[in-house]
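Data block for input_33.cif (mmCIF, C-alpha atoms, pLDDT in the B column; chains and numbers go by the auth columns):
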```cif
data_target
#
loop_
_atom_site.group_PDB
_atom_site.id
_atom_site.type_symbol
_atom_site.label_atom_id
_atom_site.label_comp_id
_atom_site.label_asym_id
_atom_site.label_seq_id
_atom_site.Cartn_x
_atom_site.Cartn_y
_atom_site.Cartn_z
_atom_site.B_iso_or_equiv
_atom_site.auth_seq_id
_atom_site.auth_asym_id
ATOM 1 C CA MET A 1 140.294 205.804 125.353 44.00 35 A
ATOM 2 C CA ALA A 2 140.009 202.045 124.710 46.00 36 A
ATOM 3 C CA LEU A 3 142.722 202.275 122.078 41.00 37 A
ATOM 4 C CA ARG A 4 145.059 204.089 124.488 42.00 38 A
ATOM 5 C CA ARG A 5 144.397 201.486 127.182 43.00 39 A
ATOM 6 C CA CYS A 6 145.147 198.614 124.794 42.00 40 A
ATOM 7 C CA TRP A 7 148.234 200.351 123.422 38.00 41 A
ATOM 8 C CA ARG A 8 149.658 200.396 126.942 40.00 42 A
ATOM 9 C CA PHE A 9 149.556 196.578 127.009 41.00 43 A
ATOM 10 C CA SER A 10 150.945 196.066 123.510 41.00 44 A
ATOM 11 C CA GLY A 11 154.540 196.235 124.727 43.00 45 A
ATOM 12 C CA VAL A 12 154.086 193.269 127.052 39.00 46 A
ATOM 13 C CA VAL A 13 152.187 190.922 124.767 39.00 47 A
ATOM 14 C CA PRO A 14 154.449 187.977 123.997 39.00 48 A
ATOM 15 C CA ARG A 15 155.522 187.613 120.378 37.00 49 A
ATOM 16 C CA LEU A 16 153.945 184.172 120.274 36.00 50 A
ATOM 17 C CA LEU A 17 150.523 185.672 120.840 39.00 51 A
ATOM 18 C CA LEU A 18 151.010 188.572 118.445 38.00 52 A
ATOM 19 C CA ASN A 19 152.410 186.397 115.665 40.00 53 A
ATOM 20 C CA SER A 20 150.030 183.530 116.266 39.00 54 A
ATOM 21 C CA THR A 21 149.028 181.620 113.166 42.00 55 A
ATOM 22 C CA VAL A 22 145.602 180.911 114.660 42.00 56 A
ATOM 23 C CA ARG A 23 143.115 183.341 113.201 42.00 57 A
ATOM 24 C CA PRO A 24 139.399 183.844 113.860 44.00 58 A
ATOM 25 C CA GLY A 25 137.484 181.065 112.163 42.00 59 A
ATOM 26 C CA ALA A 26 140.319 178.553 112.455 42.00 60 A
ATOM 27 C CA SER A 27 139.642 175.057 113.719 41.00 61 A
ATOM 28 C CA VAL A 28 140.291 175.644 117.418 41.00 62 A
ATOM 29 C CA PRO A 29 138.169 175.165 120.540 44.00 63 A
ATOM 30 C CA GLY A 30 135.773 178.064 120.674 42.00 64 A
ATOM 31 C CA GLY A 31 136.196 178.786 116.966 41.00 65 A
ATOM 32 C CA ARG A 32 135.373 182.088 115.334 38.00 66 A
ATOM 33 C CA SER A 33 132.547 183.053 117.671 37.00 67 A
ATOM 34 C CA SER A 34 134.803 183.102 120.745 36.00 68 A
ATOM 35 C CA LEU A 35 137.498 185.197 119.125 39.00 69 A
ATOM 36 C CA SER A 36 135.014 187.514 117.462 36.00 70 A
ATOM 37 C CA ARG A 37 133.173 188.016 120.732 39.00 71 A
ATOM 38 C CA LEU A 38 136.449 189.008 122.416 39.00 72 A
ATOM 39 C CA ASP A 39 137.267 191.446 119.618 38.00 73 A
ATOM 40 C CA ASN A 40 133.834 193.037 119.758 41.00 74 A
ATOM 41 C CA THR A 41 133.821 193.576 123.520 40.00 75 A
ATOM 42 C CA HIS A 42 136.731 196.044 123.465 41.00 76 A
ATOM 43 C CA PRO A 43 136.985 197.973 120.198 42.00 77 A
ATOM 44 C CA GLY A 44 140.578 198.799 119.346 44.00 78 A
ATOM 45 C CA CYS A 45 142.052 195.873 121.299 42.00 79 A
ATOM 46 C CA THR A 46 143.487 192.830 119.599 43.00 80 A
ATOM 47 C CA THR A 47 142.458 189.357 120.658 42.00 81 A
ATOM 48 C CA SER A 48 146.033 188.737 121.837 40.00 82 A
ATOM 49 C CA GLU A 49 145.934 191.704 124.189 39.00 83 A
ATOM 50 C CA LEU A 50 142.610 190.602 125.627 38.00 84 A
ATOM 51 C CA LEU A 51 143.824 187.040 126.148 43.00 85 A
ATOM 52 C CA LEU A 52 146.924 188.303 127.946 41.00 86 A
ATOM 53 C CA ARG A 53 144.818 190.357 130.333 40.00 87 A
ATOM 54 C CA ARG A 54 142.371 187.508 130.857 45.00 88 A
ATOM 55 C CA PHE A 55 145.043 185.033 131.928 49.00 89 A
ATOM 56 C CA SER A 56 147.212 187.372 133.981 46.00 90 A
ATOM 57 C CA SER A 57 144.812 188.311 136.775 53.00 91 A
ATOM 58 C CA ALA A 58 145.127 185.219 138.994 50.00 92 A
ATOM 59 C CA PRO A 59 148.252 184.110 140.826 45.00 93 A
ATOM 60 C CA PRO A 60 150.164 181.105 139.424 57.00 94 A
ATOM 61 C CA SER A 61 149.312 178.717 142.285 69.00 95 A
ATOM 62 C CA THR A 62 145.805 179.015 143.613 89.00 96 A
ATOM 63 C CA ASP A 63 145.073 175.621 145.163 95.00 97 A
ATOM 64 C CA VAL A 64 145.286 175.048 148.917 95.00 98 A
ATOM 65 C CA SER A 65 145.481 171.557 150.414 95.00 99 A
ATOM 66 C CA TYR A 66 143.698 170.417 153.554 96.00 100 A
ATOM 67 C CA GLU A 67 146.931 170.668 155.567 95.00 101 A
ATOM 68 C CA GLU A 68 147.685 174.168 154.266 95.00 102 A
ATOM 69 C CA LEU A 69 144.153 175.327 155.059 96.00 103 A
ATOM 70 C CA LYS A 70 144.425 173.958 158.604 95.00 104 A
ATOM 71 C CA GLN A 71 147.689 175.897 159.090 95.00 105 A
ATOM 72 C CA LEU A 72 146.226 179.107 157.654 94.00 106 A
ATOM 73 C CA LEU A 73 143.210 178.853 159.959 94.00 107 A
ATOM 74 C CA ALA A 74 145.313 178.029 163.024 93.00 108 A
ATOM 75 C CA GLY A 75 147.655 180.963 162.379 92.00 109 A
ATOM 76 C CA ARG A 76 144.835 183.273 161.293 91.00 110 A
ATOM 77 C CA LYS A 77 146.834 183.991 158.152 92.00 111 A
ATOM 78 C CA ALA A 78 143.910 183.965 155.742 94.00 112 A
ATOM 79 C CA VAL A 79 140.288 184.984 155.464 95.00 113 A
ATOM 80 C CA VAL A 80 138.382 181.812 154.559 97.00 114 A
ATOM 81 C CA ILE A 81 135.163 182.485 152.671 97.00 115 A
ATOM 82 C CA ASP A 82 132.644 179.689 152.103 98.00 116 A
ATOM 83 C CA VAL A 83 130.587 180.537 149.013 97.00 117 A
ATOM 84 C CA ARG A 84 127.830 177.961 149.525 98.00 118 A
ATOM 85 C CA GLU A 85 124.257 178.966 150.238 97.00 119 A
ATOM 86 C CA PRO A 86 123.312 179.350 153.934 97.00 120 A
ATOM 87 C CA TRP A 87 120.997 176.321 153.815 97.00 121 A
ATOM 88 C CA GLU A 88 123.958 174.158 152.701 96.00 122 A
ATOM 89 C CA LEU A 89 125.950 175.183 155.761 95.00 123 A
ATOM 90 C CA ARG A 90 122.986 174.382 158.029 95.00 124 A
ATOM 91 C CA GLU A 91 122.399 171.048 156.280 95.00 125 A
ATOM 92 C CA TYR A 92 125.973 169.777 155.919 94.00 126 A
ATOM 93 C CA GLY A 93 128.173 171.882 158.194 94.00 127 A
ATOM 94 C CA PHE A 94 130.955 174.406 157.705 94.00 128 A
ATOM 95 C CA ILE A 95 134.669 174.864 158.208 95.00 129 A
ATOM 96 C CA PRO A 96 135.249 176.500 161.622 94.00 130 A
ATOM 97 C CA GLY A 97 136.547 180.035 161.199 94.00 131 A
ATOM 98 C CA SER A 98 135.084 180.538 157.733 96.00 132 A
ATOM 99 C CA ILE A 99 132.761 183.367 156.705 96.00 133 A
ATOM 100 C CA ASN A 100 129.686 182.589 154.606 97.00 134 A
ATOM 101 C CA VAL A 101 129.315 184.804 151.528 97.00 135 A
ATOM 102 C CA PRO A 102 127.130 183.038 148.940 98.00 136 A
ATOM 103 C CA LEU A 103 128.675 182.974 145.461 97.00 137 A
ATOM 104 C CA GLY A 104 126.006 185.263 144.019 96.00 138 A
ATOM 105 C CA GLN A 105 126.999 187.950 146.541 97.00 139 A
ATOM 106 C CA VAL A 106 130.821 187.701 146.305 97.00 140 A
ATOM 107 C CA ASN A 107 131.250 190.490 143.755 97.00 141 A
ATOM 108 C CA THR A 108 129.130 192.955 145.732 97.00 142 A
ATOM 109 C CA ALA A 109 130.441 191.830 149.135 97.00 143 A
ATOM 110 C CA LEU A 110 134.084 192.389 148.198 96.00 144 A
ATOM 111 C CA GLN A 111 133.251 195.972 147.274 96.00 145 A
ATOM 112 C CA LEU A 112 131.497 196.862 150.548 96.00 146 A
ATOM 113 C CA GLY A 113 132.969 198.976 153.307 95.00 147 A
ATOM 114 C CA ALA A 114 134.552 197.111 156.236 95.00 148 A
ATOM 115 C CA GLU A 115 131.737 197.902 158.691 96.00 149 A
ATOM 116 C CA GLU A 116 128.969 196.971 156.276 97.00 150 A
ATOM 117 C CA PHE A 117 130.751 193.709 155.387 97.00 151 A
ATOM 118 C CA LYS A 118 131.158 192.800 159.066 96.00 152 A
ATOM 119 C CA GLU A 119 127.536 193.628 159.824 96.00 153 A
ATOM 120 C CA LYS A 120 126.187 191.602 156.899 96.00 154 A
ATOM 121 C CA TYR A 121 128.535 188.591 156.974 96.00 155 A
ATOM 122 C CA GLY A 122 129.794 188.498 160.566 94.00 156 A
ATOM 123 C CA GLY A 123 133.499 188.571 159.774 93.00 157 A
ATOM 124 C CA GLU A 124 136.352 190.891 158.946 93.00 158 A
ATOM 125 C CA MET A 125 136.392 192.369 155.466 94.00 159 A
ATOM 126 C CA PRO A 126 139.495 191.157 153.622 94.00 160 A
ATOM 127 C CA GLY A 127 141.805 193.812 152.239 92.00 161 A
ATOM 128 C CA ALA A 128 143.092 193.798 148.668 89.00 162 A
ATOM 129 C CA LYS A 129 146.444 192.416 149.882 90.00 163 A
ATOM 130 C CA ASP A 130 145.066 189.912 152.425 93.00 164 A
ATOM 131 C CA ASN A 131 145.240 186.194 151.747 95.00 165 A
ATOM 132 C CA ILE A 132 141.742 184.959 150.902 96.00 166 A
ATOM 133 C CA VAL A 133 140.861 181.286 150.537 97.00 167 A
ATOM 134 C CA PHE A 134 137.513 180.441 148.962 97.00 168 A
ATOM 135 C CA THR A 135 135.790 177.148 149.647 97.00 169 A
ATOM 136 C CA CYS A 136 132.507 175.493 148.717 96.00 170 A
ATOM 137 C CA LEU A 137 131.157 171.940 148.534 95.00 171 A
ATOM 138 C CA ALA A 138 133.523 170.452 145.937 91.00 172 A
ATOM 139 C CA GLY A 139 135.725 173.253 144.566 90.00 173 A
ATOM 140 C CA ILE A 140 133.790 174.489 141.546 93.00 174 A
ATOM 141 C CA ARG A 141 132.069 177.557 142.997 96.00 175 A
ATOM 142 C CA SER A 142 135.198 178.480 144.971 96.00 176 A
ATOM 143 C CA LYS A 143 137.179 178.696 141.717 94.00 177 A
ATOM 144 C CA THR A 144 134.547 181.053 140.294 95.00 178 A
ATOM 145 C CA ALA A 145 134.770 183.192 143.455 96.00 179 A
ATOM 146 C CA LEU A 146 138.567 183.250 143.135 96.00 180 A
ATOM 147 C CA ASP A 147 138.281 184.553 139.572 95.00 181 A
ATOM 148 C CA THR A 148 135.800 187.213 140.710 96.00 182 A
ATOM 149 C CA ALA A 149 138.096 188.403 143.510 96.00 183 A
ATOM 150 C CA ALA A 150 141.102 188.499 141.172 94.00 184 A
ATOM 151 C CA SER A 151 139.120 190.600 138.693 95.00 185 A
ATOM 152 C CA LEU A 152 138.354 193.064 141.518 95.00 186 A
ATOM 153 C CA GLY A 153 142.058 193.514 142.238 94.00 187 A
ATOM 154 C CA TYR A 154 142.569 191.071 145.107 94.00 188 A
ATOM 155 C CA LYS A 155 146.119 189.759 144.745 92.00 189 A
ATOM 156 C CA ASP A 156 146.522 186.851 147.171 94.00 190 A
ATOM 157 C CA VAL A 157 143.502 184.691 146.388 96.00 191 A
ATOM 158 C CA GLN A 158 143.318 180.916 146.566 96.00 192 A
ATOM 159 C CA HIS A 159 140.720 178.203 146.760 94.00 193 A
ATOM 160 C CA TYR A 160 140.361 174.866 148.473 96.00 194 A
ATOM 161 C CA PRO A 161 139.501 172.562 145.556 95.00 195 A
ATOM 162 C CA GLY A 162 138.403 169.681 147.806 93.00 196 A
ATOM 163 C CA GLY A 163 135.828 171.872 149.522 95.00 197 A
ATOM 164 C CA TRP A 164 133.582 170.728 152.329 95.00 198 A
ATOM 165 C CA GLN A 165 133.604 167.123 151.082 94.00 199 A
ATOM 166 C CA ASP A 166 137.397 166.871 151.408 95.00 200 A
ATOM 167 C CA TRP A 167 137.377 168.708 154.738 96.00 201 A
ATOM 168 C CA VAL A 168 134.929 166.224 156.295 95.00 202 A
ATOM 169 C CA LYS A 169 136.846 163.235 154.931 95.00 203 A
ATOM 170 C CA ASN A 170 140.136 164.536 156.387 94.00 204 A
ATOM 171 C CA GLU A 171 138.593 165.558 159.726 93.00 205 A
ATOM 172 C CA GLN A 172 137.170 162.046 160.195 91.00 206 A
ATOM 173 C CA HIS A 173 140.635 160.540 159.723 84.00 207 A
ATOM 174 C CA ASN A 174 142.260 162.867 162.282 74.00 208 A
#
```
For the file at hand, write its structure as structure tokens.
Amino acid sequence: MALRRCWRFSGVVPRLLLNSTVRPGASVPGGRSSLSRLDNTHPGCTTSELLLRRFSSAPPSTDVSYEELKQLLAGRKAVVIDVREPWELREYGFIPGSINVPLGQVNTALQLGAEEFKEKYGGEMPGAKDNIVFTCLAGIRSKTALDTAASLGYKDVQHYPGGWQDWVKNEQHN
């Protein structure tokens, strides 16, 4: 089964990856252990095929600026999910219109039914084709949440790299 699944991707793997001169054990970041670990996780798949899949799940442009986020919120054109812990929102504040889903719950939350999501998080469950913008304090956790959503099949996912810190700074100037 794994071999059949990998074979399906072999036609789209760029020649550069397939004919790469970098081999496991070569002097590259990550070295042999990284490449070997990839090979061992999916028997029958080549490292090139796994790397292609790994880098093809997220959209090309994932960053949202303060101005873009303001427009998305005003037009209700995105579901904004703040992945900080609830105590952080109480302590520092939150972006109006955002839904709080702590980072540790993002994977499970995005697989809930719409009613259960609304009951637990107080907002509308985003669909697989909805625009979702993740935010946090400074943009690190939101990037992790973006990667999680992309791996679950969400197509239009972005994050606000400035996070709450950038939001507050911009709101004070306006």
Residue members of the PyMOL selection byres ((chain A and resi 197) around 7) in the file shown, as a PDB file with C-alpha atoms, in the coordinates of the input:
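Done, and the output landed in out-v3.pdb:
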```
ATOM      1  CA  THR A 169     135.790 177.148 149.647  1.00 97.00           C
ATOM      2  CA  CYS A 170     132.507 175.493 148.717  1.00 96.00           C
ATOM      3  CA  LEU A 171     131.157 171.940 148.534  1.00 95.00           C
ATOM      4  CA  ALA A 172     133.523 170.452 145.937  1.00 91.00           C
ATOM      5  CA  GLY A 173     135.725 173.253 144.566  1.00 90.00           C
ATOM      6  CA  TYR A 194     140.361 174.866 148.473  1.00 96.00           C
ATOM      7  CA  PRO A 195     139.501 172.562 145.556  1.00 95.00           C
ATOM      8  CA  GLY A 196     138.403 169.681 147.806  1.00 93.00           C
ATOM      9  CA  TRP A 198     133.582 170.728 152.329  1.00 95.00           C
ATOM     10  CA  GLN A 199     133.604 167.123 151.082  1.00 94.00           C
ATOM     11  CA  ASP A 200     137.397 166.871 151.408  1.00 95.00           C
ATOM     12  CA  TRP A 201     137.377 168.708 154.738  1.00 96.00           C
TER      13      TRP A 201
END
```
Residue members of the PyMOL selection byres ((chain A and resi 98) around 8) in the file shown, as a PyMOL selection string: chain A and resi 96-97+99-100+102-103+167+192-195
Straight-line distance linking atom CA of Gly131 of chain A with atom CA of Lys154 of chain A, stated in Å to one decimal: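 Separation of atom CA of Gly131 of chain A and atom CA of Lys154 of chain A: 16.1 Å.
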Which residue of A:Leu107, A:Val113, A:Leu123, A:Val140 approaches Arg175 of chain A most closely, using only C-alpha atoms: A:Val140
Best match for closeness to Val191 of chain A among A:Ile129, A:Met159, A:Leu137, A:Ala112, counting only C-alpha atoms: A:Ala112
Would you pick out the contacts of Ala148 of chain A at 12 Å or less, using all atoms listed in the file, so that residues sharing its chain but fewer than 6 positions from it are not included, and give the list as a short mmCIF file (atom, residue, chain, number, x, y, z; two decimals) with C-alpha atoms, keeping the file's coordinate frame?
```
data_model
loop_
_atom_site.label_atom_id
_atom_site.label_comp_id
_atom_site.auth_asym_id
_atom_site.auth_seq_id
_atom_site.Cartn_x
_atom_site.Cartn_y
_atom_site.Cartn_z
CA LYS A 154 126.19 191.60 156.90
CA TYR A 155 128.54 188.59 156.97
CA GLY A 156 129.79 188.50 160.57
CA GLY A 157 133.50 188.57 159.77
CA GLU A 158 136.35 190.89 158.95
CA MET A 159 136.39 192.37 155.47
CA PRO A 160 139.50 191.16 153.62
CA GLY A 161 141.80 193.81 152.24
CA ALA A 162 143.09 193.80 148.67
#
```
